[in-house]
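J.: Next comes the structure file input12.cif, holding mmCIF, C-alpha atoms.
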```
data_entry
loop_
_atom_site.group_PDB
_atom_site.id
_atom_site.type_symbol
_atom_site.label_atom_id
_atom_site.label_comp_id
_atom_site.auth_asym_id
_atom_site.auth_seq_id
_atom_site.Cartn_x
_atom_site.Cartn_y
_atom_site.Cartn_z
ATOM 1 C CA MET V 1 44.205 -97.400 46.724
ATOM 2 C CA THR V 2 46.944 -97.853 49.353
ATOM 3 C CA PRO V 3 50.661 -98.045 48.433
ATOM 4 C CA ALA V 4 50.695 -101.735 49.398
ATOM 5 C CA ALA V 5 47.742 -102.429 47.105
ATOM 6 C CA LEU V 6 49.438 -100.520 44.299
ATOM 7 C CA ASP V 7 52.578 -102.623 44.758
ATOM 8 C CA ILE V 8 50.520 -105.819 44.532
ATOM 9 C CA MET V 9 48.685 -104.613 41.427
ATOM 10 C CA SER V 10 51.950 -103.604 39.752
ATOM 11 C CA TYR V 11 53.115 -107.201 40.192
ATOM 12 C CA ILE V 12 50.129 -108.550 38.261
ATOM 13 C CA THR V 13 51.532 -108.524 34.744
ATOM 14 C CA GLU V 14 51.140 -110.939 31.855
ATOM 15 C CA GLU V 15 54.632 -112.335 32.400
ATOM 16 C CA ASN V 16 54.092 -112.963 36.118
ATOM 17 C CA ILE V 17 50.656 -114.530 35.677
ATOM 18 C CA ARG V 18 51.970 -116.815 32.932
ATOM 19 C CA PHE V 19 54.989 -117.743 35.092
ATOM 20 C CA TRP V 20 52.856 -118.823 38.057
ATOM 21 C CA LEU V 21 50.364 -120.699 35.907
ATOM 22 C CA GLU V 22 53.184 -122.607 34.240
ATOM 23 C CA LYS V 23 54.920 -123.198 37.578
ATOM 24 C CA PHE V 24 51.832 -124.862 39.071
ATOM 25 C CA ARG V 25 50.728 -126.547 35.861
ATOM 26 C CA SER V 26 51.117 -129.899 37.628
ATOM 27 C CA LEU V 27 48.043 -129.025 39.705
ATOM 28 C CA GLY V 28 45.920 -129.239 36.583
ATOM 29 C CA PRO V 29 43.082 -126.755 36.203
ATOM 30 C CA LEU V 30 43.193 -125.475 39.809
ATOM 31 C CA PRO V 31 45.524 -122.468 39.212
ATOM 32 C CA GLY V 32 43.450 -121.188 36.283
ATOM 33 C CA ILE V 33 40.181 -121.663 38.163
ATOM 34 C CA LEU V 34 41.487 -120.086 41.375
ATOM 35 C CA LEU V 35 42.819 -117.053 39.521
ATOM 36 C CA THR V 36 39.479 -116.182 37.967
ATOM 37 C CA PHE V 37 37.644 -117.127 41.191
ATOM 38 C CA MET V 38 39.621 -114.439 43.037
ATOM 39 C CA LYS V 39 38.397 -111.802 40.591
ATOM 40 C CA SER V 40 35.032 -111.642 42.370
ATOM 41 C CA PHE V 41 36.728 -110.812 45.676
ATOM 42 C CA VAL V 42 39.539 -108.580 44.400
ATOM 43 C CA PRO V 43 37.842 -106.162 41.948
ATOM 44 C CA PRO V 44 41.053 -104.444 40.722
ATOM 45 C CA LEU V 45 42.319 -107.704 39.215
ATOM 46 C CA PRO V 46 42.368 -107.242 35.406
ATOM 47 C CA THR V 47 39.729 -109.557 33.932
ATOM 48 C CA LEU V 48 40.957 -109.267 30.357
ATOM 49 C CA LEU V 49 44.536 -110.073 31.311
ATOM 50 C CA ILE V 50 43.706 -113.040 33.558
ATOM 51 C CA VAL V 51 41.262 -114.658 31.143
ATOM 52 C CA GLY V 52 43.541 -114.002 28.181
ATOM 53 C CA VAL V 53 46.583 -115.583 29.855
ATOM 54 C CA ASN V 54 44.472 -118.582 30.869
ATOM 55 C CA GLY V 55 43.677 -119.051 27.191
ATOM 56 C CA ALA V 56 47.319 -118.676 26.205
ATOM 57 C CA VAL V 57 48.533 -121.216 28.799
ATOM 58 C CA TYR V 58 45.785 -123.839 28.675
ATOM 59 C CA GLY V 59 44.530 -123.391 25.125
ATOM 60 C CA LEU V 60 41.187 -122.195 23.805
ATOM 61 C CA TRP V 61 38.736 -124.744 25.173
ATOM 62 C CA ALA V 62 40.463 -125.658 28.428
ATOM 63 C CA GLY V 63 41.284 -122.006 29.130
ATOM 64 C CA PHE V 64 37.698 -121.028 28.463
ATOM 65 C CA LEU V 65 36.337 -123.781 30.719
ATOM 66 C CA TYR V 66 38.680 -123.029 33.643
ATOM 67 C CA SER V 67 38.055 -119.286 33.466
ATOM 68 C CA TRP V 68 34.304 -119.833 33.206
ATOM 69 C CA ILE V 69 34.183 -122.208 36.181
ATOM 70 C CA GLY V 70 36.296 -119.910 38.362
ATOM 71 C CA MET V 71 34.417 -116.750 37.518
ATOM 72 C CA VAL V 72 30.936 -118.249 37.845
ATOM 73 C CA LEU V 73 31.914 -119.840 41.175
ATOM 74 C CA GLY V 74 33.289 -116.526 42.443
ATOM 75 C CA CYS V 75 30.170 -114.621 41.405
ATOM 76 C CA THR V 76 27.905 -117.253 42.957
ATOM 77 C CA VAL V 77 29.775 -117.321 46.276
ATOM 78 C CA THR V 78 29.637 -113.521 46.460
ATOM 79 C CA PHE V 79 25.926 -113.584 45.643
ATOM 80 C CA LEU V 80 25.142 -116.224 48.283
ATOM 81 C CA ILE V 81 27.181 -114.482 50.991
ATOM 82 C CA VAL V 82 25.460 -111.147 50.370
ATOM 83 C CA ARG V 83 22.039 -112.778 50.239
ATOM 84 C CA GLU V 84 22.660 -114.415 53.617
ATOM 85 C CA ILE V 85 23.885 -111.258 55.334
ATOM 86 C CA GLY V 86 21.378 -108.999 53.586
ATOM 87 C CA LYS V 87 19.757 -108.023 56.875
ATOM 88 C CA SER V 88 22.970 -106.978 58.604
ATOM 89 C CA ALA V 89 23.512 -103.364 59.642
ATOM 90 C CA PHE V 90 26.420 -102.963 57.226
ATOM 91 C CA VAL V 91 24.440 -104.077 54.179
ATOM 92 C CA GLU V 92 21.397 -102.067 55.278
ATOM 93 C CA LYS V 93 23.587 -98.958 55.409
ATOM 94 C CA TRP V 94 25.103 -99.718 52.008
ATOM 95 C CA ALA V 95 21.648 -100.322 50.534
ATOM 96 C CA ARG V 96 20.487 -96.843 51.609
ATOM 97 C CA LYS V 97 22.869 -95.204 49.171
ATOM 98 C CA PRO V 98 20.879 -93.476 46.383
ATOM 99 C CA ARG V 99 22.720 -95.282 43.615
ATOM 100 C CA VAL V 100 22.053 -98.672 45.180
ATOM 101 C CA GLN V 101 18.386 -97.894 45.801
ATOM 102 C CA ARG V 102 17.984 -96.860 42.176
ATOM 103 C CA SER V 103 19.545 -100.167 41.145
ATOM 104 C CA MET V 104 17.153 -102.137 43.309
ATOM 105 C CA VAL V 105 14.082 -100.652 41.620
ATOM 106 C CA TRP V 106 15.110 -102.095 38.264
ATOM 107 C CA ILE V 107 16.662 -105.310 39.522
ATOM 108 C CA ARG V 108 13.509 -106.437 41.286
ATOM 109 C CA ARG V 109 11.651 -106.320 37.966
ATOM 110 C CA ASN V 110 14.359 -107.447 35.544
ATOM 111 C CA ALA V 111 16.959 -109.330 37.591
ATOM 112 C CA PHE V 112 17.823 -111.885 34.892
ATOM 113 C CA SER V 113 18.311 -109.278 32.147
ATOM 114 C CA TYR V 114 20.346 -107.029 34.465
ATOM 115 C CA VAL V 115 22.794 -109.768 35.445
ATOM 116 C CA PHE V 116 22.988 -111.354 31.980
ATOM 117 C CA LEU V 117 23.567 -108.179 29.970
ATOM 118 C CA LEU V 118 26.162 -106.654 32.299
ATOM 119 C CA SER V 119 27.959 -110.014 32.575
ATOM 120 C CA ILE V 120 28.598 -110.085 28.832
ATOM 121 C CA PHE V 121 30.982 -107.137 28.911
ATOM 122 C CA PRO V 122 34.674 -107.665 29.804
ATOM 123 C CA VAL V 123 34.744 -104.405 31.749
ATOM 124 C CA GLY V 124 32.055 -103.188 34.073
ATOM 125 C CA PRO V 125 30.686 -103.145 37.645
ATOM 126 C CA PHE V 126 31.087 -106.897 38.292
ATOM 127 C CA VAL V 127 31.053 -106.749 42.087
ATOM 128 C CA ILE V 128 28.094 -104.362 42.139
ATOM 129 C CA ILE V 129 26.123 -106.784 39.955
ATOM 130 C CA ASN V 130 26.658 -109.712 42.325
ATOM 131 C CA VAL V 131 26.029 -107.691 45.470
ATOM 132 C CA ALA V 132 22.919 -105.993 44.098
ATOM 133 C CA ALA V 133 21.449 -109.327 42.957
ATOM 134 C CA GLY V 134 22.158 -110.796 46.393
ATOM 135 C CA ILE V 135 20.501 -107.932 48.265
ATOM 136 C CA ALA V 136 17.494 -108.121 45.950
ATOM 137 C CA ARG V 137 17.291 -111.848 46.818
ATOM 138 C CA MET V 138 17.302 -112.958 43.219
ATOM 139 C CA ARG V 139 16.563 -116.668 42.850
ATOM 140 C CA LEU V 140 19.703 -118.788 42.765
ATOM 141 C CA LEU V 141 18.774 -120.693 39.590
ATOM 142 C CA SER V 142 18.014 -117.469 37.700
ATOM 143 C CA PHE V 143 21.295 -115.956 38.881
ATOM 144 C CA LEU V 144 23.281 -119.027 37.817
ATOM 145 C CA LEU V 145 21.713 -119.051 34.358
ATOM 146 C CA ALA V 146 22.220 -115.319 33.831
ATOM 147 C CA VAL V 147 25.829 -115.304 35.041
ATOM 148 C CA GLY V 148 26.693 -118.561 33.311
ATOM 149 C CA LEU V 149 25.427 -117.420 29.923
ATOM 150 C CA GLY V 150 26.708 -113.850 30.150
ATOM 151 C CA LYS V 151 30.163 -114.773 31.413
ATOM 152 C CA GLY V 152 30.341 -117.590 28.889
ATOM 153 C CA ILE V 153 29.988 -115.178 25.973
ATOM 154 C CA MET V 154 32.513 -112.734 27.411
ATOM 155 C CA ILE V 155 35.090 -115.324 28.488
ATOM 156 C CA PHE V 156 35.026 -117.192 25.180
ATOM 157 C CA SER V 157 35.677 -113.958 23.255
ATOM 158 C CA VAL V 158 38.617 -112.995 25.464
ATOM 159 C CA THR V 159 39.997 -116.552 25.600
ATOM 160 C CA TYR V 160 39.941 -116.751 21.801
ATOM 161 C CA ILE V 161 42.168 -113.693 21.631
ATOM 162 C CA GLY V 162 44.488 -115.018 24.348
ATOM 163 C CA SER V 163 44.894 -118.423 22.713
ATOM 164 C CA ASN V 164 45.640 -116.836 19.327
ATOM 165 C CA VAL V 165 47.838 -114.012 20.554
ATOM 166 C CA GLU V 166 50.642 -114.891 18.098
ATOM 167 C CA GLN V 167 48.311 -114.315 15.183
ATOM 168 C CA PHE V 168 47.338 -110.972 16.634
ATOM 169 C CA LEU V 169 51.023 -110.070 16.969
ATOM 170 C CA GLU V 170 51.686 -111.061 13.362
ATOM 171 C CA HIS V 171 48.712 -109.006 12.197
ATOM 172 C CA PRO V 172 48.609 -105.904 14.443
ATOM 173 C CA VAL V 173 45.591 -104.573 12.561
ATOM 174 C CA ARG V 174 43.498 -107.151 14.415
ATOM 175 C CA TRP V 175 44.112 -105.256 17.636
ATOM 176 C CA ILE V 176 41.948 -102.478 16.303
ATOM 177 C CA GLY V 177 38.979 -104.786 16.678
ATOM 178 C CA VAL V 178 40.086 -105.731 20.203
ATOM 179 C CA VAL V 179 40.401 -102.094 21.262
ATOM 180 C CA LEU V 180 37.036 -101.281 19.717
ATOM 181 C CA PHE V 181 35.479 -104.293 21.487
ATOM 182 C CA ILE V 182 36.808 -103.131 24.873
ATOM 183 C CA ALA V 183 35.810 -99.515 24.296
ATOM 184 C CA LEU V 184 32.336 -100.518 23.101
ATOM 185 C CA SER V 185 31.910 -102.847 26.080
ATOM 186 C CA LEU V 186 32.843 -100.117 28.542
ATOM 187 C CA TRP V 187 30.525 -97.599 26.873
ATOM 188 C CA ALA V 188 27.644 -100.058 26.585
ATOM 189 C CA SER V 189 27.958 -101.308 30.173
ATOM 190 C CA ARG V 190 27.885 -97.747 31.489
ATOM 191 C CA LYS V 191 24.952 -96.933 29.230
ATOM 192 C CA LEU V 192 23.006 -100.005 30.326
ATOM 193 C CA GLU V 193 23.832 -99.398 33.984
ATOM 194 C CA ARG V 194 22.487 -95.832 33.785
ATOM 195 C CA HIS V 195 19.394 -97.053 31.966
ATOM 196 C CA PHE V 196 18.727 -99.867 34.408
ATOM 197 C CA THR V 197 19.223 -97.691 37.496
ATOM 198 C CA ARG V 198 17.044 -94.847 36.283
ATOM 199 C CA PHE V 199 14.893 -93.942 39.241
ATOM 200 C CA ASN V 200 11.221 -93.072 39.078
ATOM 201 C CA PRO V 201 10.019 -91.937 42.523
ATOM 202 C CA ASP V 202 6.414 -92.699 41.563
ATOM 203 C CA GLN V 203 7.284 -96.334 41.004
ATOM 204 C CA ASP V 204 8.867 -97.111 44.356
ATOM 205 C CA GLU V 205 9.488 -95.051 47.446
ATOM 206 C CA ARG V 206 9.937 -97.755 50.024
ATOM 207 C CA HIS V 207 13.160 -99.358 51.109
ATOM 208 C CA PRO V 208 14.418 -101.835 48.473
ATOM 209 C CA ILE V 209 15.309 -104.616 50.878
ATOM 210 C CA HIS V 210 11.898 -104.561 52.488
ATOM 211 C CA GLN V 211 10.169 -104.764 49.130
ATOM 212 C CA ALA V 212 12.494 -107.559 47.998
ATOM 213 C CA SER V 213 11.565 -109.464 51.137
ATOM 214 C CA GLU V 214 7.871 -108.903 50.532
ATOM 215 C CA LYS V 215 8.184 -110.057 46.946
ATOM 216 C CA SER V 216 10.107 -113.192 47.872
ATOM 217 C CA ILE V 217 7.566 -114.026 50.581
ATOM 218 C CA SER V 218 4.597 -113.482 48.327
ATOM 219 C CA SER V 219 6.106 -115.640 45.597
#
```
Using the file provided, produce a representation of the structure as structure tokens.

T.:
Amino acid sequence: MTPAALDIMSYITEENIRFWLEKFRSLGPLPGILLTFMKSFVPPLPTLLIVGVNGAVYGLWAGFLYSWIGMVLGCTVTFLIVREIGKSAFVEKWARKPRVQRSMVWIRRNAFSYVFLLSIFPVGPFVIINVAAGIARMRLLSFLLAVGLGKGIMIFSVTYIGSNVEQFLEHPVRWIGVVLFIALSLWASRKLERHFTRFNPDQDERHPIHQASEKSISS
């Protein structure tokens, strides 16, 4: 990460995010939606912090709704862009990477489960999920359902903590559960990612994009 990027990331703190959300509160839900929308295009943005502050500023239900709309929109836009440019030289080169090819083998068979399960966790390879689903030409409706449900579960959990942060401060022991939830999410997402991208050369030796195209044509 470049020094400029590090400077920008160091500015993204709870106090600063809360300040800007409060400053533009007159714009209604737009600041909260835009903030989570940007997460899909700026991976280093801290999901837990952004969603939690949204909950603290807007309240449980409004914060949940704004974060959910922004994040699902961001994921969907990323997915659609990648799906449209899937035949470009840049994406073809990226898709030749061994890790990506291993992902494609599983995604083509279990796209909904892949996107849904990895979307539940507050930490994980969010951008990779959207890009991989786009390259595999997953159906839009299936992608929307998987992302909407998975992100809904994750965002509600984090928003609940953010909207009740005072209670967590009064009872610090509750943070043990939060830390365990984050640690378990990180471990489980890595575990699931390794399981889903396990490569069996006997199953598929051809280029993933070509097979995805064949499958979409045949269906």

J.: Residues at most 12 Å from Gly28 of chain V, counting all atoms listed in the file, excluding those fewer than 5 positions away in the same chain, as a PyMOL selection string?

T.: chain V and resi 21-23+33-34+57-58+62-63+66

J.: Which distance in Å separates atom CA of Gly32 of chain V and atom CA of Ser67 of chain V, to one decimal?

T.: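 Going from atom CA of Gly32 of chain V over to atom CA of Ser67 of chain V, I get 6.4 Å.
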
J.: Using only C-alpha atoms, can you tell me which of V:Asn16, V:Asn110, V:Ser119, V:Thr47 comes closest to Val158 of chain V?

T.: V:Thr47

J.: Kindly indicate which residue among V:Pro98, V:Pro172, V:Gly74, V:Pro44 lies nearest to Asn130 of chain V, using all atoms listed in the file for the distances.

T.: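 Going through V:Pro98, V:Pro172, V:Gly74, V:Pro44 one by one, the smallest distance to Asn130 of chain V is for V:Gly74.
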
J.: Identify, on the basis of all atoms listed in the file, every residue whose closest approach to Leu49 of chain V does not exceed 9 Å; exclude the query and any residue fewer than 4 positions from it along the same chain; express the result as a PyMOL selection string.

T.: chain V and resi 13-14+17+45+53-54+158+162

J.: Selected residues, C-alpha atoms, written as an mmCIF file, in the coordinates of the input, please.

T.:
```cif
data_model
loop_
_atom_site.group_PDB
_atom_site.id
_atom_site.type_symbol
_atom_site.label_atom_id
_atom_site.label_comp_id
_atom_site.auth_asym_id
_atom_site.auth_seq_id
_atom_site.Cartn_x
_atom_site.Cartn_y
_atom_site.Cartn_z
ATOM 1 C CA THR V 13 51.532 -108.524 34.744
ATOM 2 C CA GLU V 14 51.140 -110.939 31.855
ATOM 3 C CA ILE V 17 50.656 -114.530 35.677
ATOM 4 C CA LEU V 45 42.319 -107.704 39.215
ATOM 5 C CA VAL V 53 46.583 -115.583 29.855
ATOM 6 C CA ASN V 54 44.472 -118.582 30.869
ATOM 7 C CA VAL V 158 38.617 -112.995 25.464
ATOM 8 C CA GLY V 162 44.488 -115.018 24.348
#
```

J.: Calculated over only C-alpha atoms, which of the candidates V:Trp187, V:Trp68, V:Phe143, V:Trp20 has the smallest distance to Phe37 of chain V?

T.: V:Trp68

J.: For the atom pair atom CA of Pro29 of chain V and atom CA of Trp61 of chain V, what is the interatomic distance in Å to one decimal place?

T.: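 Interatomic distance here is 12.0 Å.
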
J.: Might you spell out which residues the PyMOL selection byres ((chain V and resi 116) around 8) would select in the displayed file, as a ChimeraX atom specification?

T.: /V:112-115,117-120,146-147,149-151

J.: Can you work out which one of V:Phe121, V:Ile81, V:Gly59, V:Ala89 has the shortest atom-to-atom distance to Ile155 of chain V, counting all atoms listed in the file?

T.: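 The shortest atom-to-atom distance to Ile155 of chain V comes from V:Phe121.
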
J.: Rank nothing, just name the residue among V:Thr78, V:Ser157, V:Ser26, V:Ser88 nearest to Met38 of chain V, using all atoms listed in the file.

T.: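 Selected residue with least distance to Met38 of chain V: V:Thr78.
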
J.: Counting only C-alpha atoms, figure out which residue out of V:Ile69, V:Ile161, V:Met154, V:Val131 gets nearest to Gly86 of chain V.

T.: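 Among V:Ile69, V:Ile161, V:Met154, V:Val131, it is V:Val131 that comes nearest to Gly86 of chain V.
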
J.: To one decimal place, how far is atom CA of Glu166 of chain V from atom CA of Leu48 of chain V in Å?

T.: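 Between atom CA of Glu166 of chain V and atom CA of Leu48 of chain V the gap works out to 16.6 Å.
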
J.: Run the PyMOL selection byres ((chain V and resi 135) around 7) against the file shown and list the residues it catches, as number ranges by chain.

T.: V: 82-83, 86, 131-134, 136-137, 209

J.: Extending 3 Å beyond the listed atoms of segment 69-81 of chain V on each side, what axis-aligned box results? I want centre and edge lengths in Å to one decimal, as AutoDock Vina command-line options.

T.:
```
--center_x 30.7 --center_y -117.9 --center_z 43.6 --size_x 17.2 --size_y 14.7 --size_z 20.8
```

J.: Set the distance at 7 Å and use all atoms listed in the file: which residues neighbour Tyr160 of chain V once local chain neighbours fewer than 3 positions away are removed? I'd like the list as a tab-separated table (two decimals) with C-alpha atoms, in the frame of the given file.

T.:
```
chain	number	residue	atom	x	y	z
V	55	GLY	CA	43.68	-119.05	27.19
V	60	LEU	CA	41.19	-122.20	23.80
V	156	PHE	CA	35.03	-117.19	25.18
V	157	SER	CA	35.68	-113.96	23.26
V	163	SER	CA	44.89	-118.42	22.71
V	164	ASN	CA	45.64	-116.84	19.33
```

J.: With all heavy atoms as the goal, would you fill in the gaps in segment 133-144 of chain V and present it as a JSON list (two decimals), in the coordinates of the input?

T.:
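The new file result-v8.json reads:
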```json
[["chain", "number", "residue", "atom", "x", "y", "z"],
["V", 133, "ALA", "N", 22.32, -108.17, 43.15],
["V", 133, "ALA", "CA", 21.45, -109.33, 42.96],
["V", 133, "ALA", "C", 21.24, -110.07, 44.27],
["V", 133, "ALA", "O", 20.15, -110.58, 44.54],
["V", 133, "ALA", "CB", 22.06, -110.27, 41.91],
["V", 134, "GLY", "N", 22.28, -110.13, 45.11],
["V", 134, "GLY", "CA", 22.16, -110.80, 46.39],
["V", 134, "GLY", "C", 21.23, -110.06, 47.34],
["V", 134, "GLY", "O", 20.39, -110.66, 48.02],
["V", 135, "ILE", "N", 21.36, -108.73, 47.39],
["V", 135, "ILE", "CA", 20.50, -107.93, 48.26],
["V", 135, "ILE", "C", 19.05, -108.01, 47.81],
["V", 135, "ILE", "O", 18.12, -108.06, 48.63],
["V", 135, "ILE", "CB", 20.98, -106.46, 48.28],
["V", 135, "ILE", "CG1", 22.32, -106.37, 49.02],
["V", 135, "ILE", "CG2", 19.96, -105.56, 48.95],
["V", 135, "ILE", "CD1", 22.88, -104.98, 49.07],
["V", 136, "ALA", "N", 18.85, -108.03, 46.49],
["V", 136, "ALA", "CA", 17.49, -108.12, 45.95],
["V", 136, "ALA", "C", 16.92, -109.53, 46.09],
["V", 136, "ALA", "O", 15.76, -109.76, 45.73],
["V", 136, "ALA", "CB", 17.49, -107.71, 44.47],
["V", 137, "ARG", "N", 17.71, -110.46, 46.61],
["V", 137, "ARG", "CA", 17.29, -111.85, 46.82],
["V", 137, "ARG", "C", 16.80, -112.50, 45.52],
["V", 137, "ARG", "O", 15.74, -113.14, 45.48],
["V", 137, "ARG", "CB", 16.23, -111.94, 47.92],
["V", 137, "ARG", "CG", 16.77, -111.62, 49.30],
["V", 137, "ARG", "CD", 15.72, -111.85, 50.37],
["V", 137, "ARG", "NE", 16.31, -111.67, 51.69],
["V", 137, "ARG", "CZ", 16.45, -110.50, 52.30],
["V", 137, "ARG", "NH1", 16.05, -109.40, 51.70],
["V", 137, "ARG", "NH2", 17.00, -110.41, 53.49],
["V", 138, "MET", "N", 17.59, -112.31, 44.49],
["V", 138, "MET", "CA", 17.30, -112.96, 43.22],
["V", 138, "MET", "C", 17.37, -114.47, 43.42],
["V", 138, "MET", "O", 18.17, -114.98, 44.21],
["V", 138, "MET", "CB", 18.34, -112.51, 42.18],
["V", 138, "MET", "CG", 18.15, -113.07, 40.79],
["V", 138, "MET", "SD", 19.45, -112.43, 39.68],
["V", 138, "MET", "CE", 19.04, -113.30, 38.16],
["V", 139, "ARG", "N", 16.55, -115.21, 42.72],
["V", 139, "ARG", "CA", 16.56, -116.67, 42.85],
["V", 139, "ARG", "C", 17.89, -117.23, 42.36],
["V", 139, "ARG", "O", 18.41, -116.80, 41.35],
["V", 139, "ARG", "CB", 15.40, -117.27, 42.07],
["V", 139, "ARG", "CG", 14.03, -116.94, 42.66],
["V", 139, "ARG", "CD", 12.93, -117.63, 41.89],
["V", 139, "ARG", "NE", 11.62, -117.36, 42.46],
["V", 139, "ARG", "CZ", 10.48, -117.86, 41.99],
["V", 139, "ARG", "NH1", 10.51, -118.65, 40.93],
["V", 139, "ARG", "NH2", 9.33, -117.58, 42.57],
["V", 140, "LEU", "N", 18.39, -118.23, 43.07],
["V", 140, "LEU", "CA", 19.70, -118.79, 42.76],
["V", 140, "LEU", "C", 19.76, -119.35, 41.35],
["V", 140, "LEU", "O", 20.74, -119.10, 40.63],
["V", 140, "LEU", "CB", 20.05, -119.89, 43.78],
["V", 140, "LEU", "CG", 21.38, -120.62, 43.54],
["V", 140, "LEU", "CD1", 22.54, -119.65, 43.55],
["V", 140, "LEU", "CD2", 21.57, -121.72, 44.59],
["V", 141, "LEU", "N", 18.75, -120.10, 40.92],
["V", 141, "LEU", "CA", 18.77, -120.69, 39.59],
["V", 141, "LEU", "C", 18.81, -119.62, 38.51],
["V", 141, "LEU", "O", 19.56, -119.73, 37.54],
["V", 141, "LEU", "CB", 17.55, -121.59, 39.39],
["V", 141, "LEU", "CG", 17.46, -122.29, 38.02],
["V", 141, "LEU", "CD1", 18.70, -123.14, 37.78],
["V", 141, "LEU", "CD2", 16.20, -123.16, 37.94],
["V", 142, "SER", "N", 18.02, -118.57, 38.68],
["V", 142, "SER", "CA", 18.01, -117.47, 37.70],
["V", 142, "SER", "C", 19.38, -116.79, 37.66],
["V", 142, "SER", "O", 19.88, -116.45, 36.58],
["V", 142, "SER", "CB", 16.92, -116.45, 38.06],
["V", 142, "SER", "OG", 15.65, -117.03, 37.94],
["V", 143, "PHE", "N", 19.98, -116.59, 38.83],
["V", 143, "PHE", "CA", 21.30, -115.96, 38.88],
["V", 143, "PHE", "C", 22.34, -116.82, 38.18],
["V", 143, "PHE", "O", 23.15, -116.32, 37.39],
["V", 143, "PHE", "CB", 21.70, -115.71, 40.33],
["V", 143, "PHE", "CG", 23.05, -115.06, 40.48],
["V", 143, "PHE", "CD1", 23.18, -113.69, 40.34],
["V", 143, "PHE", "CD2", 24.18, -115.82, 40.75],
["V", 143, "PHE", "CE1", 24.43, -113.08, 40.46],
["V", 143, "PHE", "CE2", 25.43, -115.23, 40.88],
["V", 143, "PHE", "CZ", 25.55, -113.85, 40.74],
["V", 144, "LEU", "N", 22.31, -118.13, 38.44],
["V", 144, "LEU", "CA", 23.28, -119.03, 37.82],
["V", 144, "LEU", "C", 23.15, -119.04, 36.29],
["V", 144, "LEU", "O", 24.14, -119.01, 35.57],
["V", 144, "LEU", "CB", 23.09, -120.44, 38.36],
["V", 144, "LEU", "CG", 23.58, -120.69, 39.79],
["V", 144, "LEU", "CD1", 23.18, -122.09, 40.25],
["V", 144, "LEU", "CD2", 25.09, -120.52, 39.88]]
```
